file input_34.cif (mmCIF, C-alpha atoms and all ligand atoms)
data_input
loop_
_atom_site.label_atom_id
_atom_site.label_comp_id
_atom_site.auth_asym_id
_atom_site.auth_seq_id
_atom_site.Cartn_x
_atom_site.Cartn_y
_atom_site.Cartn_z
CA MET A 1 0.00 0.00 0.00
CA ASN A 2 1.20 3.50 -0.77
CA PHE A 3 0.89 5.99 2.05
CA SER A 4 1.05 9.75 1.53
CA SER A 5 4.39 11.53 1.36
CA ARG A 6 3.50 13.55 4.46
CA THR A 7 3.26 10.32 6.49
CA ASP A 8 6.93 9.58 5.84
CA LEU A 9 7.89 13.17 6.61
CA THR A 10 6.09 13.09 9.95
CA ILE A 11 7.27 9.62 10.95
CA ASN A 12 10.86 10.56 10.23
CA SER A 13 10.66 13.82 12.18
CA GLY A 14 12.53 12.39 15.18
CA LEU A 15 9.71 13.28 17.60
CA ASN A 16 9.56 9.75 18.98
CA ASP A 17 13.33 9.59 19.53
CA ILE A 18 12.99 11.71 22.64
CA PHE A 19 11.43 8.75 24.44
CA LYS A 20 14.25 6.38 23.40
CA THR A 21 15.73 4.44 26.34
CA ARG A 22 17.82 1.26 26.66
CA ASP A 23 16.12 -0.19 29.74
CA SER A 24 14.50 0.89 32.99
CA GLN A 25 17.90 2.04 34.31
CA THR A 26 18.46 4.57 31.50
CA ILE A 27 19.03 8.10 32.77
CA SER A 28 17.06 10.19 30.31
CA PHE A 29 17.85 13.84 29.75
CA ALA A 30 15.97 13.52 26.46
CA GLY A 31 12.27 14.06 27.16
CA GLY A 32 10.66 17.44 27.66
CA LEU A 33 8.76 16.06 30.63
CA PRO A 34 7.73 17.63 33.92
CA ASP A 35 8.71 16.07 37.26
CA ASN A 36 6.17 13.31 38.11
CA SER A 37 6.24 14.21 41.78
CA LEU A 38 4.97 17.74 41.12
CA PHE A 39 1.59 16.97 39.61
CA PRO A 40 -1.14 18.24 41.98
CA GLN A 41 -2.66 14.77 42.00
CA LYS A 42 -4.97 15.12 44.99
CA GLU A 43 -6.41 18.42 43.84
CA LEU A 44 -6.93 17.18 40.27
CA ALA A 45 -8.56 13.98 41.57
CA GLN A 46 -10.94 16.13 43.61
CA ALA A 47 -11.76 18.31 40.59
CA PHE A 48 -12.45 15.33 38.31
CA HIS A 49 -14.48 13.64 41.06
CA GLU A 50 -16.68 16.71 41.42
CA VAL A 51 -17.25 16.96 37.70
CA ILE A 52 -18.29 13.36 37.18
CA THR A 53 -20.42 13.05 40.33
CA ASN A 54 -22.17 16.34 39.64
CA ASP A 55 -25.96 16.17 39.17
CA ASP A 56 -25.60 17.72 35.72
CA PRO A 57 -25.29 14.96 33.07
CA SER A 58 -24.58 17.53 30.35
CA VAL A 59 -20.87 17.37 31.19
CA PHE A 60 -20.90 13.98 29.41
CA GLN A 61 -22.56 15.45 26.32
CA TYR A 62 -21.17 17.09 23.16
CA SER A 63 -21.17 20.82 23.73
CA ALA A 64 -21.65 23.53 21.15
CA GLU A 65 -19.49 26.07 22.98
CA GLN A 66 -16.17 25.69 24.78
CA LEU A 67 -16.62 26.22 28.52
CA LEU A 68 -17.06 29.97 29.05
CA PRO A 69 -15.87 30.22 32.68
CA LEU A 70 -12.58 28.55 31.68
CA ARG A 71 -12.19 30.88 28.69
CA ASP A 72 -12.80 33.79 31.10
CA LYS A 73 -10.02 32.51 33.35
CA ILE A 74 -7.65 32.43 30.37
CA THR A 75 -8.62 35.98 29.38
CA GLN A 76 -7.66 37.04 32.93
CA LYS A 77 -4.33 35.26 32.61
CA MET A 78 -3.74 36.86 29.20
CA LYS A 79 -4.57 40.27 30.68
CA ARG A 80 -1.71 39.79 33.12
CA TYR A 81 0.49 39.18 30.06
CA GLY A 82 -0.60 42.52 28.65
CA VAL A 83 -2.94 40.93 26.09
CA ASN A 84 -6.50 42.25 25.96
CA ALA A 85 -8.20 39.11 24.69
CA LYS A 86 -11.92 38.49 24.90
CA SER A 87 -13.37 35.08 25.62
CA GLU A 88 -14.39 34.77 21.94
CA ASP A 89 -10.71 35.04 20.96
CA ILE A 90 -9.75 31.92 22.98
CA LEU A 91 -9.80 28.41 21.52
CA PHE A 92 -8.91 25.41 23.67
CA THR A 93 -6.91 22.74 21.88
CA GLN A 94 -5.52 19.27 22.63
CA GLY A 95 -2.33 20.71 24.04
CA ALA A 96 -0.23 23.39 22.37
CA GLN A 97 0.69 20.69 19.88
CA GLN A 98 -2.73 20.77 18.24
CA ALA A 99 -2.65 24.56 18.13
CA LEU A 100 0.61 24.38 16.16
CA SER A 101 -0.88 21.90 13.75
CA LEU A 102 -4.03 24.01 13.29
CA ALA A 103 -2.06 27.20 12.67
CA ALA A 104 -0.11 25.48 9.92
CA GLN A 105 -3.29 24.06 8.40
CA LEU A 106 -4.90 27.50 8.46
CA LEU A 107 -2.04 29.30 6.74
CA ILE A 108 0.03 26.94 4.67
CA ASP A 109 -0.51 25.35 1.28
CA LYS A 110 2.08 22.95 -0.04
CA GLY A 111 5.31 24.85 -0.69
CA ASP A 112 4.36 28.00 1.25
CA GLY A 113 7.09 29.45 3.43
CA ILE A 114 7.40 28.98 7.20
CA VAL A 115 10.23 30.66 9.07
CA VAL A 116 11.45 28.64 12.04
CA GLU A 117 14.17 29.21 14.58
CA ALA A 118 17.25 27.08 14.11
CA PRO A 119 17.21 24.97 16.21
CA THR A 120 13.55 24.61 17.20
CA TYR A 121 10.99 22.32 18.84
CA VAL A 122 11.00 19.00 17.01
CA GLY A 123 7.24 18.52 17.55
CA ALA A 124 6.52 21.78 15.74
CA LEU A 125 8.54 20.60 12.77
CA ALA A 126 6.58 17.34 12.80
CA ALA A 127 3.28 19.26 12.85
CA PHE A 128 4.40 21.60 10.07
CA ASP A 129 5.82 18.78 7.92
CA ALA A 130 2.27 17.51 7.48
CA VAL A 131 1.36 20.55 5.35
CA GLU A 132 4.53 20.19 3.25
CA PRO A 133 5.86 23.75 3.56
CA SER A 134 9.13 25.30 2.45
CA PHE A 135 11.14 25.89 5.61
CA TYR A 136 13.44 28.88 6.13
CA GLU A 137 15.74 28.75 9.13
CA VAL A 138 16.78 31.76 11.21
CA PRO A 139 19.64 31.33 13.67
CA VAL A 140 18.90 31.81 17.38
CA ASP A 141 21.26 34.37 18.96
CA ASN A 142 21.64 34.78 22.74
CA ASP A 143 18.73 37.25 22.65
CA GLY A 144 16.47 35.36 20.25
CA MET A 145 15.95 35.12 16.50
CA ASN A 146 18.52 36.90 14.37
CA ILE A 147 16.40 39.76 13.04
CA ASP A 148 18.71 40.63 10.14
CA ALA A 149 18.55 37.07 8.88
CA LEU A 150 14.77 37.10 9.32
CA GLU A 151 14.41 40.32 7.34
CA HIS A 152 16.62 38.96 4.57
CA ILE A 153 14.40 35.90 4.24
CA LEU A 154 11.17 37.92 4.28
CA LYS A 155 12.57 40.23 1.61
CA HIS A 156 13.54 37.43 -0.75
CA HIS A 157 10.96 34.70 -0.20
CA GLU A 158 7.20 34.25 0.03
CA VAL A 159 6.70 33.55 3.73
CA LYS A 160 3.28 33.14 5.34
CA MET A 161 4.16 32.24 8.89
CA ILE A 162 6.92 32.85 11.44
CA TYR A 163 7.12 30.33 14.27
CA THR A 164 8.90 31.40 17.44
CA ILE A 165 9.25 30.29 21.06
CA PRO A 166 10.23 33.61 22.68
CA ASP A 167 10.49 32.43 26.28
CA PHE A 168 13.00 29.74 27.27
CA GLN A 169 13.17 28.49 23.75
CA ASN A 170 13.04 24.76 23.12
CA PRO A 171 15.80 23.57 22.79
CA THR A 172 18.24 26.44 23.52
CA GLY A 173 16.61 28.01 26.61
CA VAL A 174 17.10 31.45 25.01
CA VAL A 175 14.77 34.39 25.79
CA MET A 176 13.97 36.83 22.99
CA SER A 177 14.71 40.45 23.95
CA THR A 178 11.90 43.00 24.08
CA ALA A 179 13.46 44.93 21.19
CA LYS A 180 13.36 41.81 19.03
CA ARG A 181 9.76 41.09 20.05
CA LYS A 182 8.82 44.53 18.73
CA ALA A 183 10.99 44.16 15.64
CA ILE A 184 9.47 40.83 14.64
CA VAL A 185 5.95 42.33 14.79
CA GLU A 186 7.08 45.29 12.67
CA LEU A 187 8.53 42.91 10.10
CA ALA A 188 5.40 40.75 10.11
CA ASN A 189 3.30 43.86 9.50
CA ARG A 190 5.57 45.02 6.69
CA TYR A 191 5.70 41.67 4.91
CA ASP A 192 2.14 40.54 5.71
CA VAL A 193 3.10 37.47 7.68
CA VAL A 194 1.41 35.73 10.64
CA ILE A 195 3.49 35.10 13.77
CA VAL A 196 2.84 31.93 15.77
CA GLU A 197 4.04 32.68 19.30
CA ASP A 198 4.51 29.46 21.25
CA GLU A 199 4.57 30.25 24.97
CA ALA A 200 4.46 26.70 26.36
CA TYR A 201 7.15 27.60 28.96
CA ARG A 202 6.26 31.22 29.71
CA ASP A 203 5.28 30.71 33.37
CA LEU A 204 8.49 28.85 34.19
CA ARG A 205 10.94 31.71 34.74
CA TYR A 206 13.51 31.06 37.48
CA THR A 207 15.64 34.21 37.38
CA GLY A 208 15.38 37.67 35.80
CA THR A 209 12.21 39.58 34.95
CA GLN A 210 9.38 38.57 32.69
CA LEU A 211 9.32 40.28 29.28
CA PRO A 212 6.19 41.33 27.37
CA THR A 213 4.63 38.79 25.04
CA ILE A 214 4.97 39.34 21.29
CA LYS A 215 1.17 39.36 21.15
CA GLN A 216 1.23 42.50 23.31
CA PHE A 217 2.77 44.43 20.38
CA ASP A 218 0.29 43.05 17.86
CA THR A 219 -1.91 45.85 16.52
CA GLN A 220 -3.07 44.09 13.33
CA GLY A 221 -4.29 40.74 14.68
CA ARG A 222 -1.44 38.82 13.07
CA VAL A 223 -0.06 37.03 16.15
CA ILE A 224 -1.51 33.67 17.14
CA TYR A 225 -0.56 33.20 20.78
CA ILE A 226 -0.30 29.62 22.06
CA GLY A 227 -0.34 28.55 25.72
CA SER A 228 -0.52 25.21 27.51
CA PHE A 229 -1.38 23.58 30.83
CA SER A 230 1.11 20.76 30.13
CA LYS A 231 4.14 22.21 31.89
CA ILE A 232 2.31 24.01 34.71
CA LEU A 233 -0.36 21.41 35.55
CA ALA A 234 0.01 18.08 33.72
CA PRO A 235 0.60 17.05 30.10
CA ALA A 236 -2.07 14.34 30.39
CA MET A 237 -4.73 17.06 30.52
CA ARG A 238 -3.94 17.57 26.85
CA LEU A 239 -5.17 21.11 27.27
CA GLY A 240 -3.70 24.11 25.55
CA TRP A 241 -5.19 27.31 24.17
CA LEU A 242 -4.67 29.78 21.43
CA VAL A 243 -5.56 33.45 21.18
CA ALA A 244 -6.39 34.83 17.75
CA THR A 245 -8.77 37.29 16.11
CA PRO A 246 -12.42 36.14 16.13
CA LYS A 247 -12.25 35.35 12.37
CA MET A 248 -9.04 33.35 12.71
CA ARG A 249 -10.34 31.69 15.83
CA ALA A 250 -13.55 30.64 14.04
CA ASP A 251 -11.62 29.16 11.10
CA LEU A 252 -9.19 27.40 13.44
CA ALA A 253 -12.16 26.01 15.38
CA ALA A 254 -13.65 24.67 12.14
CA LEU A 255 -10.34 23.01 11.24
CA LYS A 256 -10.11 21.57 14.72
CA GLY A 257 -13.65 20.21 14.51
CA SER A 258 -12.76 18.32 11.36
CA THR A 259 -10.19 16.26 13.27
CA ASP A 260 -11.59 15.87 16.79
CA ILE A 261 -15.02 17.60 16.91
CA GLU A 262 -14.09 19.15 20.23
CA THR A 263 -11.72 19.26 23.19
CA SER A 264 -12.87 17.01 26.04
CA SER A 265 -15.60 18.79 27.95
CA LEU A 266 -14.87 16.69 31.03
CA THR A 267 -11.26 17.86 31.09
CA MET A 268 -12.22 21.49 30.58
CA HIS A 269 -14.74 21.27 33.44
CA ALA A 270 -12.18 19.56 35.69
CA VAL A 271 -9.47 22.13 34.97
CA ASN A 272 -11.99 24.91 35.50
CA ASP A 273 -12.96 23.41 38.88
CA TYR A 274 -9.30 22.94 39.79
CA LEU A 275 -8.58 26.60 39.00
CA ALA A 276 -11.62 27.75 40.99
CA ALA A 277 -10.66 25.73 44.07
CA ASN A 278 -6.88 26.14 44.03
CA ASP A 279 -4.32 28.87 43.56
CA ILE A 280 -2.47 27.72 40.44
CA ASP A 281 0.03 30.57 40.79
CA GLN A 282 1.09 29.19 44.15
CA HIS A 283 1.47 25.75 42.54
CA ILE A 284 3.54 27.28 39.74
CA ASP A 285 5.76 29.00 42.34
CA GLU A 286 6.46 25.63 43.97
CA VAL A 287 7.22 24.05 40.61
CA ARG A 288 9.52 26.95 39.67
CA ASN A 289 11.47 26.64 42.92
CA ILE A 290 12.16 22.97 42.37
CA TYR A 291 12.98 23.33 38.68
CA CYS A 292 15.32 26.21 39.47
CA GLN A 293 17.19 24.00 41.96
CA LYS A 294 17.38 21.18 39.41
CA LYS A 295 18.64 23.55 36.74
CA ASP A 296 21.34 24.85 39.10
CA LEU A 297 22.27 21.28 40.01
CA MET A 298 22.63 20.24 36.38
CA TYR A 299 24.55 23.39 35.47
CA GLN A 300 26.98 22.75 38.33
CA ALA A 301 27.32 19.03 37.49
CA LEU A 302 28.05 19.87 33.84
CA ALA A 303 30.63 22.45 34.89
CA GLU A 304 32.34 19.86 37.06
CA ASN A 305 32.27 16.98 34.60
CA LEU A 306 32.29 18.09 30.96
CA PRO A 307 35.51 18.59 29.02
CA GLU A 308 36.24 22.28 28.62
CA GLU A 309 35.64 22.20 24.86
CA VAL A 310 31.92 21.73 25.51
CA GLU A 311 29.91 24.95 25.82
CA PHE A 312 26.58 25.16 27.64
CA ASN A 313 24.24 27.86 28.87
CA ASN A 314 22.57 28.67 32.17
CA PRO A 315 18.95 29.36 31.11
CA GLU A 316 16.64 31.75 32.98
CA GLY A 317 13.75 29.31 32.79
CA GLY A 318 12.14 26.46 30.90
CA PHE A 319 13.16 22.83 30.72
CA PHE A 320 16.50 22.65 28.89
CA ILE A 321 20.23 23.29 28.89
CA TRP A 322 21.79 23.40 25.42
CA LEU A 323 25.21 21.89 24.76
CA LYS A 324 27.50 22.92 21.95
CA LEU A 325 30.33 20.57 21.09
CA PRO A 326 33.19 21.24 18.69
CA ASN A 327 32.13 21.61 15.04
CA ASN A 328 33.34 18.19 13.92
CA PHE A 329 31.43 16.34 16.62
CA ASP A 330 28.28 14.31 15.76
CA THR A 331 26.08 14.06 18.86
CA GLU A 332 23.67 11.57 17.24
CA GLU A 333 26.49 9.17 16.46
CA PHE A 334 27.91 9.65 19.96
CA LEU A 335 24.48 8.94 21.49
CA ASP A 336 23.83 5.80 19.44
CA GLN A 337 27.33 4.36 19.49
CA TYR A 338 28.52 5.25 22.95
CA LEU A 339 26.42 7.31 25.35
CA LEU A 340 23.34 5.07 25.37
CA PRO A 341 24.95 1.62 24.99
CA GLU A 342 27.97 2.26 27.25
CA ALA A 343 26.81 4.87 29.76
CA ASN A 344 23.02 4.35 29.58
CA VAL A 345 22.31 8.06 29.34
CA THR A 346 20.28 9.82 26.64
CA PHE A 347 19.85 13.34 25.38
CA VAL A 348 18.35 14.84 22.21
CA PRO A 349 21.00 15.28 19.52
CA SER A 350 20.71 18.45 17.45
CA LYS A 351 20.25 16.94 13.99
CA ASN A 352 16.44 16.69 13.97
CA LEU A 353 16.02 20.09 15.61
CA PHE A 354 17.18 21.81 12.41
CA THR A 355 15.08 21.48 9.26
CA SER A 356 18.31 21.45 7.30
CA LYS A 357 19.46 18.51 9.50
CA ASN A 358 23.01 19.69 8.99
CA VAL A 359 23.96 20.87 12.48
CA LEU A 360 25.32 17.83 14.26
CA ASN A 361 27.26 19.22 17.21
CA GLY A 362 24.45 20.30 19.56
CA ALA A 363 22.48 18.46 22.22
CA ARG A 364 19.48 19.25 24.39
CA LEU A 365 19.49 18.19 28.05
CA ASN A 366 16.29 18.17 30.12
CA PHE A 367 16.70 18.88 33.84
CA THR A 368 13.07 18.83 35.04
CA GLN A 369 12.20 15.15 34.85
CA PRO A 370 15.28 13.36 36.22
CA THR A 371 15.77 13.14 39.98
CA ASP A 372 18.63 15.01 41.66
CA GLU A 373 20.59 11.73 41.88
CA GLN A 374 20.01 11.04 38.18
CA ILE A 375 21.14 14.55 37.28
CA CYS A 376 24.42 14.14 39.19
CA GLU A 377 25.07 10.57 38.04
CA GLY A 378 24.00 11.26 34.44
CA CYS A 379 26.27 14.32 34.11
CA LEU A 380 29.16 12.35 35.61
CA ARG A 381 28.62 9.55 33.08
CA LEU A 382 28.16 12.02 30.22
CA GLY A 383 31.46 13.69 31.09
CA GLN A 384 33.29 10.37 31.29
CA ALA A 385 31.71 9.15 28.05
CA LEU A 386 32.81 12.31 26.22
CA LYS A 387 36.36 11.88 27.51
CA ASN A 388 36.45 8.17 26.56
CA TYR A 389 34.70 8.41 23.20
CA ARG A 390 36.84 7.30 20.32
CA LEU A 391 36.45 10.51 18.29
CA PRO A 392 38.80 13.26 19.34
CA ILE A 393 36.79 15.98 20.99
CA ALA A 394 39.18 18.80 20.24
CA ASN A 395 39.07 20.48 16.83
C1 LIG A 401 7.85 24.56 22.61
C2 LIG A 401 6.76 23.56 22.78
N1 LIG A 401 5.58 23.79 22.21
C3 LIG A 401 4.57 22.92 22.33
C4 LIG A 401 4.71 21.73 23.01
C5 LIG A 401 3.56 20.78 23.10
O1 LIG A 401 2.95 20.90 24.34
P1 LIG A 401 1.54 20.31 24.69
O2 LIG A 401 1.78 19.21 25.67
O3 LIG A 401 0.79 21.46 25.30
O4 LIG A 401 0.90 19.81 23.45
C6 LIG A 401 5.93 21.43 23.61
C7 LIG A 401 6.11 20.17 24.34
O5 LIG A 401 7.15 19.81 24.80
C8 LIG A 401 6.99 22.37 23.48
O6 LIG A 401 8.19 22.14 24.02
#
call {"tool": "encode", "arguments": {"input": "input_34.cif", "output": "structure tokens"}}
result
Amino acid sequence: MNFSSRTDLTINSGLNDIFKTRDSQTISFAGGLPDNSLFPQKELAQAFHEVITNDDPSVFQYSAEQLLPLRDKITQKMKRYGVNAKSEDILFTQGAQQALSLAAQLLIDKGDGIVVEAPTYVGALAAFDAVEPSFYEVPVDNDGMNIDALEHILKHHEVKMIYTIPDFQNPTGVVMSTAKRKAIVELANRYDVVIVEDEAYRDLRYTGTQLPTIKQFDTQGRVIYIGSFSKILAPAMRLGWLVATPKMRADLAALKGSTDIETSSLTMHAVNDYLAANDIDQHIDEVRNIYCQKKDLMYQALAENLPEEVEFNNPEGGFFIWLKLPNNFDTEEFLDQYLLPEANVTFVPSKNLFTSKNVLNGARLNFTQPTDEQICEGCLRLGQALKNYRLPIAN
């Protein structure tokens, strides 16, 4: 049987590699997963219990409208981000992932241009691959997308969408500066492009001060803002949201309906009840404290164990530390041939995080899911493995 070309593209995206392990003893720095011990299990159990034992059977029914009180809570949250959204601008999705897929379906015909950061979130590339776009890569500097490179691309190519993760970028941990947030909106206005702002990690800042969202500078309704409960509550909720103009939102809702009819009403009710009964900001503060400690622990362990040729950053938030090895180093080969089989440690090699697949010397390390002991032991083993690996590490 012949399957479509987009099936191959999506299957080969590398998205599933992040769950690759050797056995139950593998220390994984690969996934982008929260810490299991931080899910507010009791409070969520209570919220779900209340929803399903409620006298109102309509929570089990299809519903024409997405739950208004929950949309109102998101509009309040967005207001704190400087975004004046109304409840009719909010669309709940099956995680941020579905929002990415819907944005690409809304904007992109085969061959249309999407600008992505290089490197970027592998799941976004998988979602975008399905609409068979032309990708244009913009390097990520220490303060976000390289704006000169972006302008050059917009000037010379037909681009319909710019995808960016401005806060604690996946995989580099980089934060886009305020000046660049303004500049990217100005460019989008000038070249008639839509910006997809993926803020899956926005609430997880550990140091420094929060910057305005890109959406805050949007005066022409050309920024689709994407948020998620995955990293602040639990990924299994599969609950994200997007903020767009009412027209865009309506079209995105129609596209969404064609694949899943609607987001689970039960989940939306349960999350709404959870938010009504609990202070999620207090929960997020607890999560941030622990993740900050884990990040510091990993940073310290890397400093103590990695050969000095390896560069890495100390991110202000998010889930990841980004490693840069010497130019001739292939992190995928190192992972497959040595790190996993010999040291039983995994990370995400850089290759699949670039659409060009030609940057081989980077690696993404996750510090939120492993335990403190795993972080220390894994970094020790990673350091030893790099020193023992048969390829010379020095240029
Ligand atoms: C940058 C980014 N966007 C979106 C997602 C998808 O998140 P969700 O679980 O909300 O679908 C992830 C997941 O890791 C991510 O890192």
call {"tool": "residues_near_ligand", "arguments": {"input": "input_34.cif", "ligand": "ligand LIG 401 (chain A)", "cutoff": "10 Å", "atoms": "only C-alpha atoms and all ligand atoms", "output": "PyMOL selection string"}}
result
chain A and resi 31-34+93-100+120-124+164-171+197-202+226-232+234-241+318-320
call {"tool": "closest_residue", "arguments": {"input": "input_34.cif", "among": "A:Ala303, A:Ala30, A:Met161, A:Met145", "to": "Ala363 in chain A", "atoms": "only C-alpha atoms"}}
result
A:Ala30
call {"tool": "closest_residue", "arguments": {"input": "input_34.cif", "among": "A:Asp218, A:Glu50, A:Glu377, A:Asp112", "to": "Val243 in chain A", "atoms": "all atoms listed in the file"}}
result
A:Asp218
call {"tool": "residues_around", "arguments": {"input": "input_34.cif", "residues": "Ala103 in chain A", "least_positions_apart": "2", "cutoff": "8 Å", "atoms": "only C-alpha atoms", "output": "PyMOL selection string"}}
result
chain A and resi 99-101+105-107+196+224+252
call {"tool": "atom_distance", "arguments": {"input": "input_34.cif", "atom1": "CA of Ala254 in chain A", "atom2": "CA of Ile90 in chain A"}}
result
13.6 Å
call {"tool": "residues_near_point", "arguments": {"input": "input_34.cif", "point": "(26.1, 10.7, 23.8)", "cutoff": "8 Å", "atoms": "all atoms listed in the file", "output": "ChimeraX atom specification"}}
result
/A:331-340,345-347,382,385-386
call {"tool": "write_last_selection", "arguments": {"input": "input_34.cif", "atoms": "C-alpha atoms", "output": "short mmCIF file (atom, residue, chain, number, x, y, z; two decimals), in the coordinates of the input"}}
result
data_model
loop_
_atom_site.label_atom_id
_atom_site.label_comp_id
_atom_site.auth_asym_id
_atom_site.auth_seq_id
_atom_site.Cartn_x
_atom_site.Cartn_y
_atom_site.Cartn_z
CA THR A 331 26.08 14.06 18.86
CA GLU A 332 23.67 11.57 17.24
CA GLU A 333 26.49 9.17 16.46
CA PHE A 334 27.91 9.65 19.96
CA LEU A 335 24.48 8.94 21.49
CA ASP A 336 23.83 5.80 19.44
CA GLN A 337 27.33 4.36 19.49
CA TYR A 338 28.52 5.25 22.95
CA LEU A 339 26.42 7.31 25.35
CA LEU A 340 23.34 5.07 25.37
CA VAL A 345 22.31 8.06 29.34
CA THR A 346 20.28 9.82 26.64
CA PHE A 347 19.85 13.34 25.38
CA LEU A 382 28.16 12.02 30.22
CA ALA A 385 31.71 9.15 28.05
CA LEU A 386 32.81 12.31 26.22
#
call {"tool": "closest_residue", "arguments": {"input": "input_34.cif", "among": "A:Ala85, A:Leu323, A:Met298, A:Leu154", "to": "Gly378 in chain A", "atoms": "all atoms listed in the file"}}
result
A:Met298
call {"tool": "atom_distance", "arguments": {"input": "input_34.cif", "atom1": "CA of Lys357 in chain A", "atom2": "CA of Gly383 in chain A"}}
result
25.2 Å
call {"tool": "closest_residue", "arguments": {"input": "input_34.cif", "among": "A:Ser87, A:Thr178, A:Lys160, A:His269", "to": "Tyr191 in chain A", "atoms": "all atoms listed in the file"}}
result
A:Lys160
call {"tool": "closest_residue", "arguments": {"input": "input_34.cif", "among": "A:Val287, A:Leu306, A:Val140, A:Val359", "to": "Thr172 in chain A", "atoms": "all atoms listed in the file"}}
result
A:Val140
call {"tool": "residues_around", "arguments": {"input": "input_34.cif", "residues": "range 57-61 of chain A", "least_positions_apart": "6", "cutoff": "8 Å", "atoms": "all atoms listed in the file", "output": "PyMOL selection string"}}
result
chain A and resi 51+265-266+269
call {"tool": "write_last_selection", "arguments": {"input": "input_34.cif", "atoms": "C-alpha atoms", "output": "mmCIF file, in the frame of the given file"}}
result
data_model
loop_
_atom_site.group_PDB
_atom_site.id
_atom_site.type_symbol
_atom_site.label_atom_id
_atom_site.label_comp_id
_atom_site.auth_asym_id
_atom_site.auth_seq_id
_atom_site.Cartn_x
_atom_site.Cartn_y
_atom_site.Cartn_z
ATOM 1 C CA VAL A 51 -17.250 16.960 37.700
ATOM 2 C CA SER A 265 -15.600 18.790 27.950
ATOM 3 C CA LEU A 266 -14.870 16.690 31.030
ATOM 4 C CA HIS A 269 -14.740 21.270 33.440
#
call {"tool": "residues_around", "arguments": {"input": "input_34.cif", "residues": "Phe217 in chain A", "least_positions_apart": "6", "cutoff": "12 Å", "atoms": "all atoms listed in the file", "output": "ChimeraX atom specification"}}
result
/A:81-84,178-189,195,197,211,223,225
call {"tool": "closest_residue", "arguments": {"input": "input_34.cif", "among": "A:Asn388, A:His283, A:Glu262, A:Asp296", "to": "Ala64 in chain A", "atoms": "all atoms listed in the file"}}
result
A:Glu262
call {"tool": "axis_aligned_box", "arguments": {"input": "input_34.cif", "around": "range 219-232 of chain A", "padding_each_side": "4 Å", "output": "AutoDock Vina command-line options"}}
result
--center_x -0.1 --center_y 33.3 --center_z 23.9 --size_x 16.4 --size_y 33.1 --size_z 29.6
call {"tool": "atom_distance", "arguments": {"input": "input_34.cif", "atom1": "CA of Gln41 in chain A", "atom2": "CA of Asp285 in chain A"}}
result
16.5 Å
call {"tool": "residues_around", "arguments": {"input": "input_34.cif", "residues": "Ala301 in chain A", "least_positions_apart": "4", "cutoff": "8 Å", "atoms": "only C-alpha atoms", "output": "ChimeraX atom specification"}}
result
/A:297,305,375-376,379-380
call {"tool": "write_last_selection", "arguments": {"input": "input_34.cif", "atoms": "C-alpha atoms", "output": "PDB file, in the coordinates of the input"}}
result
ATOM      1  CA  LEU A 297      22.270  21.280  40.010  1.00  0.00           C
ATOM      2  CA  ASN A 305      32.270  16.980  34.600  1.00  0.00           C
ATOM      3  CA  ILE A 375      21.140  14.550  37.280  1.00  0.00           C
ATOM      4  CA  CYS A 376      24.420  14.140  39.190  1.00  0.00           C
ATOM      5  CA  CYS A 379      26.270  14.320  34.110  1.00  0.00           C
ATOM      6  CA  LEU A 380      29.160  12.350  35.610  1.00  0.00           C
TER       7      LEU A 380
END
call {"tool": "decode", "arguments": {"input": "input_34.cif", "residues": "range 234-240 of chain A", "atoms": "N, CA, C and O atoms", "output": "JSON list (two decimals), in the first residue's frame"}}
result
[["chain", "number", "residue", "atom", "x", "y", "z"],
["A", 234, "ALA", "N", -0.35, 19.46, 34.08],
["A", 234, "ALA", "CA", 0.01, 18.08, 33.72],
["A", 234, "ALA", "C", -0.21, 17.88, 32.22],
["A", 234, "ALA", "O", -1.26, 18.27, 31.70],
["A", 235, "PRO", "N", 0.75, 17.26, 31.55],
["A", 235, "PRO", "CA", 0.60, 17.05, 30.10],
["A", 235, "PRO", "C", -0.61, 16.17, 29.76],
["A", 235, "PRO", "O", -1.20, 16.32, 28.71],
["A", 236, "ALA", "N", -0.97, 15.26, 30.69],
["A", 236, "ALA", "CA", -2.07, 14.34, 30.39],
["A", 236, "ALA", "C", -3.42, 15.05, 30.29],
["A", 236, "ALA", "O", -4.38, 14.47, 29.78],
["A", 237, "MET", "N", -3.49, 16.31, 30.74],
["A", 237, "MET", "CA", -4.73, 17.06, 30.52],
["A", 237, "MET", "C", -4.97, 17.23, 29.03],
["A", 237, "MET", "O", -6.10, 17.37, 28.59],
["A", 238, "ARG", "N", -3.88, 17.23, 28.28],
["A", 238, "ARG", "CA", -3.94, 17.57, 26.85],
["A", 238, "ARG", "C", -4.78, 18.84, 26.65],
["A", 238, "ARG", "O", -5.73, 18.85, 25.86],
["A", 239, "LEU", "N", -4.42, 19.87, 27.37],
["A", 239, "LEU", "CA", -5.17, 21.11, 27.27],
["A", 239, "LEU", "C", -4.23, 22.29, 27.04],
["A", 239, "LEU", "O", -3.37, 22.60, 27.87],
["A", 240, "GLY", "N", -4.41, 22.89, 25.88],
["A", 240, "GLY", "CA", -3.70, 24.11, 25.55],
["A", 240, "GLY", "C", -4.72, 25.12, 25.07],
["A", 240, "GLY", "O", -5.92, 24.83, 25.03]]
